[in-house]
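Student: My questions all concern the structure below.
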Amino acid sequence: MSNEIPPPGRDPGAATKLQILATEHWSLLATRSLTYTESLGRVNMFLAVLSGAVIALALVAQADRFGPTFIAIAIFMLTVVLFTGIATVGRLMMLNRDDYKWVIGMNRLRNAYLEMHPELEPHFITSPYDDLPGAMQTLGIDTSGQQRLGSVFHGFISLPGMLTVIVAADAGAIGGLAALGFGAPTAGVLAAGAVAFAVALVLLGNWGRRSVRRFGPMVEPHFPSPKK
């Protein structure tokens, strides 16, 4: 009888196991908090650079009256803003992938909780499964309909998606200024700005969609969701 597996909830070492699991759970929560802090810090840094550039360009415009000097300085400064924005979007996507891994880890710990105390399952609204559907349930993301993961609608309401629109607008401003510097008429300036905006939006959007679609295979599931 020494090899008999104790019934759920009666394991003599359950208290120690729960303490270890809880410690790891709090560690992952703290790591997720640091991830959010860095995300917000990156966004604030980009917005500070963007605001500083706009203020500086306003001062230059007053001195040069939107002449050649203003165009040259504006293109240079907005290019710096564009680089900062692209780097920020890229870092945010990396942080999102990291956060996905921390969620997977918490789901695995939740699975261990339920192995020891399966009677607690009705009290959990988050998932004990470490595949993509389980992670999305824990994150509260509806993967059905128009709000499915990776869709255009969901992408634009996420933090990288919002910044993507701002960065694309900055690229559009650079395109318009470049056309203005070459002496293009008003219609040409507007067309150049619109094309630059659209190209940047499509390129950054595709980059973001590919990043989201890599979430699934990033962590090999040990406890996949039951098939319906």
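A note on labels: chains of the structure tokens are A, B, ... as shown, every chain counts residues from 1, and ligands are counted from 1 in their shown order.
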Near region 183-197 of chain A, within 10 Å and counting only C-alpha atoms, which residues show up once chain neighbours fewer than 2 positions away are dropped, as a ChimeraX atom specification?
Tutor: /A:165-181,199-202
Student: Can you spit out the residues from that selection as a compact mmCIF listing (two decimals), in the first residue's frame, using N, CA and C atoms?
Tutor:
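Printed below is result.txt as written:
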# COMPACT_ATOMS: atom_id res chain seq x y z
N VAL A 165 -0.27 53.67 -35.80
CA VAL A 165 -0.96 54.73 -36.53
C VAL A 165 -0.21 56.06 -36.38
N ILE A 166 0.27 56.34 -35.17
CA ILE A 166 1.01 57.59 -34.94
C ILE A 166 2.31 57.60 -35.73
N VAL A 167 3.01 56.47 -35.71
CA VAL A 167 4.27 56.38 -36.46
C VAL A 167 4.02 56.50 -37.95
N ALA A 168 2.95 55.88 -38.44
CA ALA A 168 2.61 56.00 -39.86
C ALA A 168 2.28 57.44 -40.23
N ALA A 169 1.60 58.16 -39.33
CA ALA A 169 1.31 59.57 -39.58
C ALA A 169 2.60 60.38 -39.65
N ASP A 170 3.57 60.04 -38.81
CA ASP A 170 4.87 60.71 -38.86
C ASP A 170 5.55 60.44 -40.20
N ALA A 171 5.47 59.20 -40.69
CA ALA A 171 6.04 58.88 -42.00
C ALA A 171 5.32 59.65 -43.10
N GLY A 172 4.01 59.81 -42.97
CA GLY A 172 3.27 60.61 -43.94
C GLY A 172 3.72 62.06 -43.95
N ALA A 173 3.99 62.61 -42.77
CA ALA A 173 4.48 63.99 -42.70
C ALA A 173 5.83 64.13 -43.37
N ILE A 174 6.70 63.13 -43.18
CA ILE A 174 8.01 63.17 -43.84
C ILE A 174 7.85 63.12 -45.36
N GLY A 175 6.96 62.24 -45.83
CA GLY A 175 6.72 62.16 -47.27
C GLY A 175 6.20 63.46 -47.84
N GLY A 176 5.26 64.09 -47.14
CA GLY A 176 4.72 65.37 -47.61
C GLY A 176 5.77 66.46 -47.62
N LEU A 177 6.61 66.50 -46.58
CA LEU A 177 7.66 67.52 -46.53
C LEU A 177 8.70 67.29 -47.63
N ALA A 178 9.02 66.03 -47.89
CA ALA A 178 9.98 65.74 -48.96
C ALA A 178 9.44 66.21 -50.31
N ALA A 179 8.16 65.95 -50.56
CA ALA A 179 7.55 66.41 -51.81
C ALA A 179 7.53 67.93 -51.88
N LEU A 180 7.26 68.57 -50.74
CA LEU A 180 7.26 70.03 -50.70
C LEU A 180 8.65 70.58 -50.99
N GLY A 181 9.67 69.91 -50.47
CA GLY A 181 11.04 70.36 -50.71
C GLY A 181 11.44 70.27 -52.16
N VAL A 199 1.81 53.26 -46.84
CA VAL A 199 2.89 52.26 -46.91
C VAL A 199 3.40 51.92 -45.52
N ALA A 200 3.64 52.95 -44.70
CA ALA A 200 4.12 52.71 -43.34
C ALA A 200 3.10 51.93 -42.53
N LEU A 201 1.82 52.27 -42.68
CA LEU A 201 0.77 51.59 -41.93
C LEU A 201 0.70 50.11 -42.31
N VAL A 202 0.78 49.83 -43.60
CA VAL A 202 0.71 48.44 -44.05
C VAL A 202 1.93 47.65 -43.59
Student: Would you list the contacts of Ala74 (chain A) as a list of chain:residue names, taking every protein, DNA or RNA residue within 10 Å and counting only C-alpha atoms, but skipping same-chain residues closer than 6 positions in sequence?
Tutor: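 Residues meeting the cut-off are A:Ala53, A:Val54, A:Ala56, A:Leu57, A:Ala58, A:Val60, A:Ala61, A:Phe66, A:Pro68, A:Val80, A:Ala173, A:Ile174, A:Leu177, A:Ala178.
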Student: Which value, in Å to one decimal, gives the distance between CA of Leu204 (chain A) and CA of Gly85 (chain A)?
Tutor: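 Going from CA of Leu204 (chain A) over to CA of Gly85 (chain A), I get 10.6 Å.
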Student: Need to verify the contact set: Arg32 (chain A), 10 Å, only C-alpha atoms, exclusion of same-chain residues closer than 2 positions in sequence. Can you return it as number ranges by chain?
Tutor: A: 26-30, 34-38, 95-96, 98-103
Student: What does the file look like for those residues with N, CA and C atoms, as an mmCIF file, in the first residue's frame?
Tutor:
data_model
loop_
_atom_site.group_PDB
_atom_site.id
_atom_site.type_symbol
_atom_site.label_atom_id
_atom_site.label_comp_id
_atom_site.auth_asym_id
_atom_site.auth_seq_id
_atom_site.Cartn_x
_atom_site.Cartn_y
_atom_site.Cartn_z
ATOM 1 N N TRP A 26 3.542 34.315 -7.569
ATOM 2 C CA TRP A 26 3.792 35.713 -7.245
ATOM 3 C C TRP A 26 4.995 36.252 -8.007
ATOM 4 N N SER A 27 5.988 35.376 -8.257
ATOM 5 C CA SER A 27 7.142 35.811 -9.044
ATOM 6 C C SER A 27 6.732 36.173 -10.465
ATOM 7 N N LEU A 28 5.855 35.366 -11.063
ATOM 8 C CA LEU A 28 5.383 35.669 -12.416
ATOM 9 C C LEU A 28 4.523 36.927 -12.432
ATOM 10 N N LEU A 29 3.725 37.124 -11.393
ATOM 11 C CA LEU A 29 2.922 38.348 -11.312
ATOM 12 C C LEU A 29 3.820 39.579 -11.246
ATOM 13 N N ALA A 30 4.893 39.490 -10.451
ATOM 14 C CA ALA A 30 5.821 40.618 -10.351
ATOM 15 C C ALA A 30 6.519 40.869 -11.688
ATOM 16 N N LEU A 34 6.498 44.238 -14.083
ATOM 17 C CA LEU A 34 7.670 44.909 -14.652
ATOM 18 C C LEU A 34 7.534 45.060 -16.162
ATOM 19 N N THR A 35 6.938 44.054 -16.798
ATOM 20 C CA THR A 35 6.715 44.131 -18.245
ATOM 21 C C THR A 35 5.803 45.292 -18.587
ATOM 22 N N TYR A 36 4.691 45.441 -17.833
ATOM 23 C CA TYR A 36 3.774 46.559 -18.069
ATOM 24 C C TYR A 36 4.465 47.892 -17.812
ATOM 25 N N THR A 37 5.299 47.949 -16.764
ATOM 26 C CA THR A 37 5.992 49.193 -16.440
ATOM 27 C C THR A 37 6.922 49.617 -17.567
ATOM 28 N N GLU A 38 7.659 48.632 -18.118
ATOM 29 C CA GLU A 38 8.545 48.977 -19.236
ATOM 30 C C GLU A 38 7.750 49.393 -20.469
ATOM 31 N N LEU A 95 7.765 42.731 -25.708
ATOM 32 C CA LEU A 95 7.213 42.668 -24.350
ATOM 33 C C LEU A 95 5.895 41.910 -24.325
ATOM 34 N N ASN A 96 5.102 42.042 -25.383
ATOM 35 C CA ASN A 96 3.860 41.276 -25.462
ATOM 36 C C ASN A 96 4.141 39.779 -25.540
ATOM 37 N N ASP A 98 6.808 38.335 -24.292
ATOM 38 C CA ASP A 98 7.242 37.958 -22.949
ATOM 39 C C ASP A 98 6.049 37.784 -22.014
ATOM 40 N N ASP A 99 5.106 38.708 -22.091
ATOM 41 C CA ASP A 99 3.926 38.621 -21.235
ATOM 42 C C ASP A 99 3.124 37.354 -21.528
ATOM 43 N N TYR A 100 3.089 36.957 -22.798
ATOM 44 C CA TYR A 100 2.413 35.709 -23.162
ATOM 45 C C TYR A 100 3.060 34.522 -22.450
ATOM 46 N N LYS A 101 4.405 34.514 -22.391
ATOM 47 C CA LYS A 101 5.088 33.418 -21.706
ATOM 48 C C LYS A 101 4.772 33.406 -20.217
ATOM 49 N N TRP A 102 4.684 34.595 -19.609
ATOM 50 C CA TRP A 102 4.375 34.620 -18.176
ATOM 51 C C TRP A 102 2.951 34.112 -17.936
ATOM 52 N N VAL A 103 2.037 34.435 -18.833
ATOM 53 C CA VAL A 103 0.661 33.938 -18.709
ATOM 54 C C VAL A 103 0.622 32.422 -18.840
#
Student: Considering only C-alpha atoms, can you say which of A:Pro226, A:Gly105, A:Gly161, A:Gly13 comes closest to Asp130 (chain A)?
Tutor: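 Ranking A:Pro226, A:Gly105, A:Gly161, A:Gly13 by distance to Asp130 (chain A), first place goes to A:Gly105.
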Student: Would you list, as a ChimeraX atom specification, the residues of region 28-158 of chain A that end up in alpha helix (DSSP H) under DSSP run on this structure's backbone?
Tutor: /A:28-64,68-116,132-139,152-157
Student: Take the residues from that selection and put them in a file with C-alpha atoms, as an mmCIF file, in the first residue's frame.
Tutor:
data_model
loop_
_atom_site.group_PDB
_atom_site.id
_atom_site.type_symbol
_atom_site.label_atom_id
_atom_site.label_comp_id
_atom_site.auth_asym_id
_atom_site.auth_seq_id
_atom_site.Cartn_x
_atom_site.Cartn_y
_atom_site.Cartn_z
ATOM 1 C CA LEU A 28 5.383 35.669 -12.416
ATOM 2 C CA LEU A 29 2.922 38.348 -11.312
ATOM 3 C CA ALA A 30 5.821 40.618 -10.351
ATOM 4 C CA THR A 31 7.507 39.939 -13.690
ATOM 5 C CA ARG A 32 4.309 40.803 -15.561
ATOM 6 C CA SER A 33 4.120 44.032 -13.575
ATOM 7 C CA LEU A 34 7.670 44.909 -14.652
ATOM 8 C CA THR A 35 6.715 44.131 -18.245
ATOM 9 C CA TYR A 36 3.774 46.559 -18.069
ATOM 10 C CA THR A 37 5.992 49.193 -16.440
ATOM 11 C CA GLU A 38 8.545 48.977 -19.236
ATOM 12 C CA SER A 39 5.792 49.101 -21.864
ATOM 13 C CA LEU A 40 4.374 52.314 -20.429
ATOM 14 C CA GLY A 41 7.865 53.741 -20.006
ATOM 15 C CA ARG A 42 8.677 53.089 -23.657
ATOM 16 C CA VAL A 43 5.428 54.701 -24.783
ATOM 17 C CA ASN A 44 6.029 57.762 -22.590
ATOM 18 C CA MET A 45 9.561 58.101 -23.967
ATOM 19 C CA PHE A 46 8.286 58.031 -27.556
ATOM 20 C CA LEU A 47 5.528 60.544 -26.827
ATOM 21 C CA ALA A 48 8.056 62.819 -25.105
ATOM 22 C CA VAL A 49 10.325 62.709 -28.178
ATOM 23 C CA LEU A 50 7.351 63.375 -30.452
ATOM 24 C CA SER A 51 6.105 66.294 -28.329
ATOM 25 C CA GLY A 52 9.585 67.805 -28.128
ATOM 26 C CA ALA A 53 9.992 67.563 -31.898
ATOM 27 C CA VAL A 54 6.639 69.248 -32.549
ATOM 28 C CA ILE A 55 7.442 72.092 -30.148
ATOM 29 C CA ALA A 56 10.899 72.568 -31.696
ATOM 30 C CA LEU A 57 9.446 72.614 -35.197
ATOM 31 C CA ALA A 58 6.894 75.211 -34.154
ATOM 32 C CA LEU A 59 9.723 77.490 -33.019
ATOM 33 C CA VAL A 60 11.677 76.900 -36.244
ATOM 34 C CA ALA A 61 8.565 77.608 -38.316
ATOM 35 C CA GLN A 62 8.160 80.996 -36.633
ATOM 36 C CA ALA A 63 11.735 81.918 -37.516
ATOM 37 C CA ASP A 64 11.900 80.521 -41.062
ATOM 38 C CA PRO A 68 13.781 75.514 -46.944
ATOM 39 C CA THR A 69 15.513 75.577 -43.551
ATOM 40 C CA PHE A 70 12.314 74.506 -41.819
ATOM 41 C CA ILE A 71 11.775 71.672 -44.322
ATOM 42 C CA ALA A 72 15.317 70.351 -43.857
ATOM 43 C CA ILE A 73 15.143 70.501 -40.063
ATOM 44 C CA ALA A 74 11.637 69.038 -39.986
ATOM 45 C CA ILE A 75 12.580 66.051 -42.140
ATOM 46 C CA PHE A 76 15.611 65.355 -39.950
ATOM 47 C CA MET A 77 13.719 65.646 -36.659
ATOM 48 C CA LEU A 78 10.713 63.648 -37.850
ATOM 49 C CA THR A 79 13.079 60.935 -39.089
ATOM 50 C CA VAL A 80 14.452 60.682 -35.560
ATOM 51 C CA VAL A 81 10.885 60.447 -34.268
ATOM 52 C CA LEU A 82 10.146 57.773 -36.888
ATOM 53 C CA PHE A 83 13.119 55.702 -35.761
ATOM 54 C CA THR A 84 12.094 56.063 -32.115
ATOM 55 C CA GLY A 85 8.543 55.037 -32.962
ATOM 56 C CA ILE A 86 9.574 51.946 -34.924
ATOM 57 C CA ALA A 87 11.928 50.902 -32.122
ATOM 58 C CA THR A 88 9.143 51.448 -29.587
ATOM 59 C CA VAL A 89 6.622 49.380 -31.542
ATOM 60 C CA GLY A 90 9.186 46.599 -31.952
ATOM 61 C CA ARG A 91 9.988 46.588 -28.244
ATOM 62 C CA LEU A 92 6.305 46.555 -27.330
ATOM 63 C CA MET A 93 5.782 43.483 -29.484
ATOM 64 C CA MET A 94 8.709 41.790 -27.728
ATOM 65 C CA LEU A 95 7.213 42.668 -24.350
ATOM 66 C CA ASN A 96 3.860 41.276 -25.462
ATOM 67 C CA ARG A 97 5.541 37.993 -26.351
ATOM 68 C CA ASP A 98 7.242 37.958 -22.949
ATOM 69 C CA ASP A 99 3.926 38.621 -21.235
ATOM 70 C CA TYR A 100 2.413 35.709 -23.162
ATOM 71 C CA LYS A 101 5.088 33.418 -21.706
ATOM 72 C CA TRP A 102 4.375 34.620 -18.176
ATOM 73 C CA VAL A 103 0.661 33.938 -18.709
ATOM 74 C CA ILE A 104 1.465 30.428 -19.946
ATOM 75 C CA GLY A 105 3.519 29.855 -16.802
ATOM 76 C CA MET A 106 0.656 31.007 -14.587
ATOM 77 C CA ASN A 107 -1.757 28.733 -16.443
ATOM 78 C CA ARG A 108 0.531 25.775 -15.754
ATOM 79 C CA LEU A 109 0.607 26.649 -12.065
ATOM 80 C CA ARG A 110 -3.185 26.882 -12.087
ATOM 81 C CA ASN A 111 -3.288 23.425 -13.637
ATOM 82 C CA ALA A 112 -1.178 22.140 -10.743
ATOM 83 C CA TYR A 113 -3.566 23.762 -8.246
ATOM 84 C CA LEU A 114 -6.475 21.939 -9.814
ATOM 85 C CA GLU A 115 -4.619 18.628 -9.812
ATOM 86 C CA MET A 116 -4.329 18.895 -6.034
ATOM 87 C CA LEU A 132 -2.984 29.619 -27.221
ATOM 88 C CA PRO A 133 -6.746 29.352 -26.432
ATOM 89 C CA GLY A 134 -5.926 28.953 -22.748
ATOM 90 C CA ALA A 135 -3.686 32.011 -22.755
ATOM 91 C CA MET A 136 -6.314 34.082 -24.551
ATOM 92 C CA GLN A 137 -8.941 33.054 -21.975
ATOM 93 C CA THR A 138 -6.663 34.155 -19.148
ATOM 94 C CA LEU A 139 -5.926 37.446 -20.892
ATOM 95 C CA VAL A 152 -7.397 44.429 -37.876
ATOM 96 C CA PHE A 153 -9.973 45.594 -35.330
ATOM 97 C CA HIS A 154 -8.178 44.056 -32.367
ATOM 98 C CA GLY A 155 -4.808 45.254 -33.617
ATOM 99 C CA PHE A 156 -5.764 48.927 -33.723
ATOM 100 C CA ILE A 157 -7.020 48.979 -30.121
#
Student: What does the structure give for the distance between CA of Pro128 (chain A) and CA of Lys227 (chain A), in Å to one decimal?
Tutor: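 Taking CA of Pro128 (chain A) and CA of Lys227 (chain A), their separation equals 14.2 Å.
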Student: Between CA of Thr126 (chain A) and CA of Gly140 (chain A), measure the distance and give it in Å to one decimal.
Tutor: 8.2 Å
